[in-house]
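Scroll down for the structure; my scribbles are underneath it.
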Amino acid sequence: MTPSRMDRLDFVSSIVLTMFGAAVLIESLRLPRLDHLNVNPYTVPGIVPALLGIILCACGVAMLIRSILRGGWRLNLTSNSVRDFAKAAAVRRTALVLVLTLGYALGLFGWLPFWLATMLFVFVFIVATEGMALGRLPRLPNIAIALAIAAVTGAGVAFVFERLFFVRLPG
Amino acid sequence: MAGLESFLSAIAGFVTSFAIVDVLWATLLGIVVGMLPGLTATLGVALMTTLTFQMEADRAILILICMYVGAIYGGSRSAILLNIPGTPANAATSLDGYPLARSGQAGRAMAIATTGSFVGGLIGMLALAVVAPALAEFALSFGAFEFFWLAVFGVLIAGQLTALDDPLKGWIAGFLGLFVAMIGQEGIHAVPRFAYGSTDLAGGIGLLPAMVGAFGFAEILTVMRNQSYEVVRGKVGSIWSGIRQAARYRFTAIRSGLIGTFMGLVPGVGEDMGAWASYAAARQSSREKDKFGKGSVEGLMAAETGNNAAVPGALIPVLTLAVPGSAPAAVLLAAMIIHGIRPGPLIMIEFPDFVFSVVAMVFLATCAMLVIGLLMTKPLLLVLRVTRERLMPVIFVLCTVGAFAIASRTFDVWVMLVFGVLGFILRELKYPMAPLILGIVLGDILDKSLRRGLVLTDGDLTPFFSRPISIVLFGSALLFILVSMPSSRRLFARLLGKRAAQNGSEDMS
């Protein structure tokens, strides 16, 4: 039986889940028992997380066994399959969006004035994703529209949050 | 009678104030949010919560309910015109709505969806008014044991029903959510768990940033990953003939309304299952089964009635048990707590008018949805012309600022990002999001109830399995697990087969 893509993904994710469940269990057992405070042993903080660790571990093992029975352990990872995955348009689009969004939220947000960071992000996002879809730089009217959306978003969101809701935005 | 009085005075209060303006703009915005693929009702309500947390409680909750009702309905537009459900609750709508639109009957399909949503909303609203006070009174008899099983039952049933093909993944998502709720100071001894010296982590993971991430950022990544969409071109057709046709299926509408309300009431299950269960029931009992999936008016009516009926249905456990019936209802629960309302069994004692005030809010939102849906059919089509490349960065900015604005903490932005990336990966691996969120909400109840229960009985587990309500909840949870396991299903089938064969041989003799 040829394993499906999901069987292979389940094989990998079940290993991660089992390890995560085990880590939760170990960390729960390391939580303070508060013996020195003479607290009721049934109220110690680690009880419920430890139970959840056991359950997550058990679910991970159940899924691991299922994926092995379905042949999911045959990952068929070759240099060609990795290259094809990296070249897929959907993967490239997702990677671009991840870089842009994380760059904005972790870098620009808080480092530049909010309105400027937002304008830059929105403009670059629109031009880059439209450009990727077209395979070339968007035409001038589209770039002008991107600039207008960026300006309205930057100024509008800053005005609403800072002036109307009195939220002090970072940057 | 006291309930009717409270309802009418709430309606009068809203109609004679500027609240009616709020109803109109918030419902319209909800419809727009629902229409746009990638923007779900959960995201709309979560973002709106960050924009309304400084308003008075009544006004803020009114706006959030209008957003919720509008978004669940608005999703039908993109399901009909794009074959892409605007929200997951409209997936069943596209099965018959899109074929109708492709045959030049988009206007009729939209009118049927509007009428169905209106009827569903009204049926759900009536159930909310009748069931909520009774359930709140019943819930007064709940103790630690019952709340423990309610939390377990909620996570298991939500996991099972939101991942019908693979319940194991639904349960894993629910247990992961319960674990997330364990992060931070626990509620009995104030010991920080899994905080590793971070004061931010010791404060716990906020539900709203987590939801904005799991339903906002994750959705942006999913939408941008997929191919772009195209709107159905051509004639929209008359909408009025659709209303006349919808009246022919009034029994389907009533049945779907009741099913949708019930599915809304079940913890964490919500509108998606409300629509699917109503659709399946309509198909089962229809005389025109072969039309389903090819442009059946009855199927479209059932799906849209079912999902909008689930909205008030999902509010019933929110108000009476503090357990959300759906993901957007979980945000509403968080919003109510932010505004100083304590949902739960004591609601009819502490806030006696609030339940009927919520009924009035649902009524106004449903009426506004009908009016806007019918009068603005063509102008609303313009919304679908906005491309994802232009819309998604604006949504991401709102996700970032919204997560930050709740407590002015950069940590919440990080939570939003982590849950967004995690949510995206989990979705790609076919794990449902609703049980994860329900788990985050129920984690605290589960933790405290189990430990309190154990203290009360000095470690004796018997009351967890012997009190009447506990037995019912435990039995239902166990049954759900057994039913979903292929080996036990085979065993049941074999036993039933044997019995049928025995009966058959007895009849023969």
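By convention in this document, the chains of the structure tokens carry letters A, B, ... by their order, each chain's residues are numbered from 1, and ligands are numbered from 1 in the order they are shown.
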Within 6 Å of chain B, which residues belong to chain A? Use only C-alpha atoms and report them as a ChimeraX atom specification. /A:42-43,48,90,93-94,122,126
Looking only at the backbone, which of the residues in region 97-317 of chain B does DSSP tag as strand (DSSP E or B), as a ChimeraX atom specification? /B:184-185,192-193
Save out the residues we just selected, C-alpha atoms, as a JSON list (two decimals), in the first residue's frame.
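Result file is selection-v7.json:
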```json
[["chain", "number", "residue", "atom", "x", "y", "z"],
["B", 184, "GLY", "CA", 0.81, 30.89, 33.78],
["B", 185, "GLN", "CA", -0.16, 31.24, 37.43],
["B", 192, "PRO", "CA", 3.48, 29.91, 37.89],
["B", 193, "ARG", "CA", 3.48, 26.88, 35.58]]
```
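With only C-alpha atoms as the atoms that count, the residue of A:Trp115, A:Ser14, A:Arg8, A:Leu64 with the shortest distance to Phe159 (chain A) is A:Trp115.
Summary of the local environment: counting only C-alpha atoms, residues at most 6 Å from Leu112 (chain A), other than itself and those fewer than 3 positions away along its chain, are Leu108, Ala117 and Gly171 of chain A.
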Kindly save the residues from that selection, with C-alpha atoms included, as a tab-separated table (two decimals), in the first residue's frame.
```
chain	number	residue	atom	x	y	z
A	108	LEU	CA	9.34	47.34	12.05
A	117	ALA	CA	6.18	51.06	9.59
A	171	GLY	CA	7.67	53.24	17.86
```
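Omitting Leu100 (chain A) and its sequence neighbours fewer than 4 positions away, and counting only C-alpha atoms, the residues within 9 Å are Ala95, Leu96, Tyr104, Ala105, Phe121, Val124 and Phe125 of chain A.
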Fewer than 2 positions away in the same chain doesn't count, so skip those; otherwise give me all residues within 12 Å of region 245-253 of chain B, counting only C-alpha atoms, as a PyMOL selection string. chain B and resi 108-124+238-243+255-261+275+278-287+296-309
Mind writing the picked residues with C-alpha atoms as a PDB file, in the first residue's frame?
```pdb
ATOM      1  CA  ARG B 108     -32.574  34.072  -6.216  1.00  0.00           C
ATOM      2  CA  ALA B 109     -29.928  32.075  -4.345  1.00  0.00           C
ATOM      3  CA  MET B 110     -28.963  35.131  -2.289  1.00  0.00           C
ATOM      4  CA  ALA B 111     -32.616  35.814  -1.450  1.00  0.00           C
ATOM      5  CA  ILE B 112     -33.140  32.209  -0.331  1.00  0.00           C
ATOM      6  CA  ALA B 113     -29.983  32.381   1.793  1.00  0.00           C
ATOM      7  CA  THR B 114     -31.157  35.662   3.322  1.00  0.00           C
ATOM      8  CA  THR B 115     -34.625  34.340   4.125  1.00  0.00           C
ATOM      9  CA  GLY B 116     -33.201  31.121   5.552  1.00  0.00           C
ATOM     10  CA  SER B 117     -30.710  33.019   7.713  1.00  0.00           C
ATOM     11  CA  PHE B 118     -33.492  35.286   8.997  1.00  0.00           C
ATOM     12  CA  VAL B 119     -35.769  32.371   9.922  1.00  0.00           C
ATOM     13  CA  GLY B 120     -32.851  30.499  11.494  1.00  0.00           C
ATOM     14  CA  GLY B 121     -31.874  33.551  13.528  1.00  0.00           C
ATOM     15  CA  LEU B 122     -35.440  33.963  14.830  1.00  0.00           C
ATOM     16  CA  ILE B 123     -35.798  30.277  15.793  1.00  0.00           C
ATOM     17  CA  GLY B 124     -32.442  30.367  17.574  1.00  0.00           C
ATOM     18  CA  SER B 238     -34.365  38.703  -9.447  1.00  0.00           C
ATOM     19  CA  ILE B 239     -34.193  38.394  -5.675  1.00  0.00           C
ATOM     20  CA  TRP B 240     -37.949  38.635  -5.010  1.00  0.00           C
ATOM     21  CA  SER B 241     -38.801  35.356  -6.713  1.00  0.00           C
ATOM     22  CA  GLY B 242     -36.340  33.735  -4.309  1.00  0.00           C
ATOM     23  CA  ILE B 243     -38.286  34.955  -1.277  1.00  0.00           C
ATOM     24  CA  ARG B 255     -36.493  21.781  11.126  1.00  0.00           C
ATOM     25  CA  SER B 256     -33.124  23.275  10.124  1.00  0.00           C
ATOM     26  CA  GLY B 257     -33.598  26.074  12.660  1.00  0.00           C
ATOM     27  CA  LEU B 258     -34.127  23.574  15.461  1.00  0.00           C
ATOM     28  CA  ILE B 259     -31.194  21.382  14.391  1.00  0.00           C
ATOM     29  CA  GLY B 260     -28.941  24.433  13.992  1.00  0.00           C
ATOM     30  CA  THR B 261     -29.879  25.740  17.429  1.00  0.00           C
ATOM     31  CA  ALA B 275     -25.256  23.911   8.592  1.00  0.00           C
ATOM     32  CA  SER B 278     -29.386  20.627   8.775  1.00  0.00           C
ATOM     33  CA  TYR B 279     -28.286  19.975   5.189  1.00  0.00           C
ATOM     34  CA  ALA B 280     -27.969  16.230   5.822  1.00  0.00           C
ATOM     35  CA  ALA B 281     -31.414  16.093   7.489  1.00  0.00           C
ATOM     36  CA  ALA B 282     -32.997  18.053   4.614  1.00  0.00           C
ATOM     37  CA  ARG B 283     -31.460  15.711   2.049  1.00  0.00           C
ATOM     38  CA  GLN B 284     -32.579  12.659   4.008  1.00  0.00           C
ATOM     39  CA  SER B 285     -36.213  13.749   4.081  1.00  0.00           C
ATOM     40  CA  SER B 286     -36.425  15.488   0.702  1.00  0.00           C
ATOM     41  CA  ARG B 287     -38.539  14.297  -2.217  1.00  0.00           C
ATOM     42  CA  SER B 296     -31.283  22.577  -4.742  1.00  0.00           C
ATOM     43  CA  VAL B 297     -33.247  25.452  -3.195  1.00  0.00           C
ATOM     44  CA  GLU B 298     -34.137  23.201  -0.266  1.00  0.00           C
ATOM     45  CA  GLY B 299     -30.481  22.335   0.404  1.00  0.00           C
ATOM     46  CA  LEU B 300     -29.420  25.974   0.282  1.00  0.00           C
ATOM     47  CA  MET B 301     -32.281  26.956   2.581  1.00  0.00           C
ATOM     48  CA  ALA B 302     -31.390  24.204   5.086  1.00  0.00           C
ATOM     49  CA  ALA B 303     -27.681  25.103   5.225  1.00  0.00           C
ATOM     50  CA  GLU B 304     -28.250  28.830   5.702  1.00  0.00           C
ATOM     51  CA  THR B 305     -31.063  28.383   8.234  1.00  0.00           C
ATOM     52  CA  GLY B 306     -28.935  25.911  10.186  1.00  0.00           C
ATOM     53  CA  ASN B 307     -25.823  28.070  10.486  1.00  0.00           C
ATOM     54  CA  ASN B 308     -27.614  31.250  11.526  1.00  0.00           C
ATOM     55  CA  ALA B 309     -29.769  29.368  14.033  1.00  0.00           C
TER      56      ALA B 309
END
```
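Of the residues under consideration (A:Ala86, A:Val152, A:Met6, A:Val39), A:Met6 shows the shortest atom-to-atom contact distance to Ser67 (chain A) when counting only C-alpha atoms.
Between CA of Ser449 (chain B) and CA of Leu436 (chain B) the separation is 19.5 Å.
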For Gly30 (chain B), please output as JSON, numbers by chain all residues within 6 Å (counting only C-alpha atoms; exclusion window: fewer than 6 positions along the same chain). {"B": [67, 70, 71]}
Emit the selected residues as a PDB file, in the first residue's frame, including C-alpha atoms.
```
ATOM      1  CA  MET B  67     -20.802  41.486  13.772  1.00  0.00           C
ATOM      2  CA  GLY B  70     -23.717  39.540   9.979  1.00  0.00           C
ATOM      3  CA  ALA B  71     -20.511  37.588   9.339  1.00  0.00           C
TER       4      ALA B  71
END
```
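The protein and nucleic acid residues lying at most 9 Å from Arg5 (chain A) are Leu9, Asp10, Gly72 and Leu75 of chain A, with only C-alpha atoms considered and sequence neighbours fewer than 4 positions away removed.
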Please, could you write that set of residues out with C-alpha atoms as a compact mmCIF listing (two decimals), in the first residue's frame?
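Contents of out_11.txt, as written:
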```txt
# COMPACT_ATOMS: atom_id res chain seq x y z
CA LEU A 9 2.92 13.98 7.72
CA ASP A 10 1.06 12.16 10.52
CA GLY A 72 3.69 6.57 6.71
CA LEU A 75 9.00 9.25 3.95
```
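CA of Thr27 (chain B) lies 23.8 Å from CA of Tyr98 (chain B).
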Which of B:Val383, B:Leu140, B:Leu161, B:Met361 sits closest to Leu81 (chain B) [using only C-alpha atoms]: B:Val383
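When CA of Ile437 (chain B) is paired with CA of Met485 (chain B), their separation reads 24.0 Å.
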Just list as a VMD selection string whatever in region 57-90 of chain A DSSP marks as alpha helix (DSSP H). chain A and resid 57 to 69 79 to 87 89 to 90
Could you take the residues named above and write them with N, CA and C atoms, as a tab-separated table (two decimals), in the first residue's frame?
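File produced: again19.tsv:
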```tsv
chain	number	residue	atom	x	y	z
A	57	CYS	N	0.71	12.25	25.17
A	57	CYS	CA	1.68	11.21	24.83
A	57	CYS	C	0.93	9.99	24.24
A	58	ALA	N	-0.16	9.61	24.91
A	58	ALA	CA	-0.93	8.44	24.46
A	58	ALA	C	-1.53	8.70	23.07
A	59	CYS	N	-2.06	9.90	22.86
A	59	CYS	CA	-2.62	10.23	21.53
A	59	CYS	C	-1.52	10.18	20.48
A	60	GLY	N	-0.34	10.70	20.82
A	60	GLY	CA	0.79	10.69	19.89
A	60	GLY	C	1.18	9.27	19.52
A	61	VAL	N	1.23	8.39	20.52
A	61	VAL	CA	1.60	6.99	20.26
A	61	VAL	C	0.54	6.32	19.39
A	62	ALA	N	-0.75	6.59	19.70
A	62	ALA	CA	-1.84	6.00	18.90
A	62	ALA	C	-1.71	6.43	17.44
A	63	MET	N	-1.41	7.72	17.22
A	63	MET	CA	-1.31	8.20	15.84
A	63	MET	C	-0.05	7.65	15.17
A	64	LEU	N	1.01	7.49	15.96
A	64	LEU	CA	2.26	6.94	15.42
A	64	LEU	C	2.02	5.51	14.93
A	65	ILE	N	1.35	4.70	15.77
A	65	ILE	CA	1.07	3.30	15.38
A	65	ILE	C	0.21	3.27	14.12
A	66	ARG	N	-0.81	4.13	14.09
A	66	ARG	CA	-1.70	4.17	12.93
A	66	ARG	C	-0.93	4.54	11.66
A	67	SER	N	-0.06	5.56	11.78
A	67	SER	CA	0.67	6.00	10.58
A	67	SER	C	1.68	4.93	10.14
A	68	ILE	N	2.26	4.20	11.11
A	68	ILE	CA	3.20	3.13	10.73
A	68	ILE	C	2.44	2.02	10.00
A	69	LEU	N	1.25	1.65	10.52
A	69	LEU	CA	0.44	0.60	9.88
A	69	LEU	C	0.05	0.99	8.45
A	79	SER	N	16.50	14.27	-2.72
A	79	SER	CA	16.87	15.66	-3.01
A	79	SER	C	15.90	16.26	-4.03
A	80	ASN	N	15.40	15.42	-4.96
A	80	ASN	CA	14.45	15.92	-5.97
A	80	ASN	C	13.13	16.33	-5.34
A	81	SER	N	12.62	15.49	-4.39
A	81	SER	CA	11.32	15.81	-3.78
A	81	SER	C	11.43	17.10	-2.95
A	82	VAL	N	12.58	17.28	-2.27
A	82	VAL	CA	12.77	18.50	-1.48
A	82	VAL	C	12.84	19.71	-2.40
A	83	ARG	N	13.55	19.54	-3.54
A	83	ARG	CA	13.69	20.65	-4.48
A	83	ARG	C	12.31	21.02	-5.07
A	84	ASP	N	11.52	20.00	-5.43
A	84	ASP	CA	10.19	20.25	-6.00
A	84	ASP	C	9.31	20.98	-4.99
A	85	PHE	N	9.42	20.56	-3.71
A	85	PHE	CA	8.62	21.20	-2.66
A	85	PHE	C	8.99	22.68	-2.54
A	86	ALA	N	10.31	22.95	-2.52
A	86	ALA	CA	10.77	24.34	-2.35
A	86	ALA	C	10.40	25.21	-3.54
A	87	LYS	N	10.26	24.56	-4.72
A	87	LYS	CA	9.98	25.35	-5.93
A	87	LYS	C	8.48	25.60	-6.13
A	89	ALA	N	4.83	26.91	-6.24
A	89	ALA	CA	4.40	28.31	-6.15
A	89	ALA	C	3.76	28.61	-4.80
A	90	ALA	N	2.95	27.65	-4.30
A	90	ALA	CA	2.25	27.88	-3.03
A	90	ALA	C	3.25	28.04	-1.88
```
